[in-house]
Amino acid sequence: MSLLYFTAGQETAGLTPQQIEIRLAQLMKQFARQRSIALADNIARHFKALCVHPDFRASWEERCTCRRLARQWSCLAWLNAAPRPLRGPAVTRIGPEFDG
């Protein structure tokens, strides 16, 4: 199993870099209309697939941007999946008072 299939899954298997870029544009437009964790994760996987694709001919700046966008979309999915922090008076300080 190649790194492409391991990283991106079946949705990008056998696609050219240009086809992955087209799908990325479609997914990001869809995300703008209806935000979801699954869409953000799917976009991150597509960016990762593009980065490792053997036919992706890009400058080092474009490759760096592709990797950075993959990380940013992964973080977006992770942050939206994380539980919300407590707010207001329900949050109390734990531990001894500081006498300093």
# chains A, B, ... in the order shown; residues from 1 in each chain; ligands from 1
$ residues_around --residues "Phe31 in chain A" --least-positions-apart "4" --cutoff "12 Å" --atoms "only C-alpha atoms" --output "list in words"
Leu24, Ala25, Gln26, Leu27, Arg35, Ser36, Ile37, Ala38, Leu39, Ala40, Asp41, Asn42, Ile43, Trp73, Leu76 and Ala77 of chain A
$ atom_distance --atom1 "CA of Met28 in chain A" --atom2 "CA of Pro83 in chain A"
24.1 Å
$ closest_atom_pairs --of "range 52-90 of chain A" --to "range 9-23 of chain A" --cutoff "10 Å" --atoms "only C-alpha atoms" --output "JSON lines"
{"residue": "A:Val52", "atom": "CA", "partner": "A:Pro17", "partner_atom": "CA", "distance": 9.8}
{"residue": "A:His53", "atom": "CA", "partner": "A:Pro17", "partner_atom": "CA", "distance": 6.9}
{"residue": "A:Pro54", "atom": "CA", "partner": "A:Pro17", "partner_atom": "CA", "distance": 8.9}
{"residue": "A:Asp55", "atom": "CA", "partner": "A:Pro17", "partner_atom": "CA", "distance": 6.7}
{"residue": "A:Phe56", "atom": "CA", "partner": "A:Pro17", "partner_atom": "CA", "distance": 5.7}
{"residue": "A:Arg57", "atom": "CA", "partner": "A:Pro17", "partner_atom": "CA", "distance": 8.6}
$ select_by_dssp --residues "range 23-71 of chain A" --states "helix (DSSP H, G or I)" --output "PyMOL selection string"
chain A and resi 23-33+37-52+60-71
$ atom_distance --atom1 "CA of Ala70 in chain A" --atom2 "CA of His46 in chain A"
7.9 Å
$ atom_distance --atom1 "CA of Glu62 in chain A" --atom2 "CA of Lys29 in chain A"
20.8 Å
$ residues_around --residues "Arg67 in chain A" --least-positions-apart "5" --cutoff "10 Å" --atoms "only C-alpha atoms" --output "VMD selection string"
chain A and resid 44 47 to 52 61 to 62 72
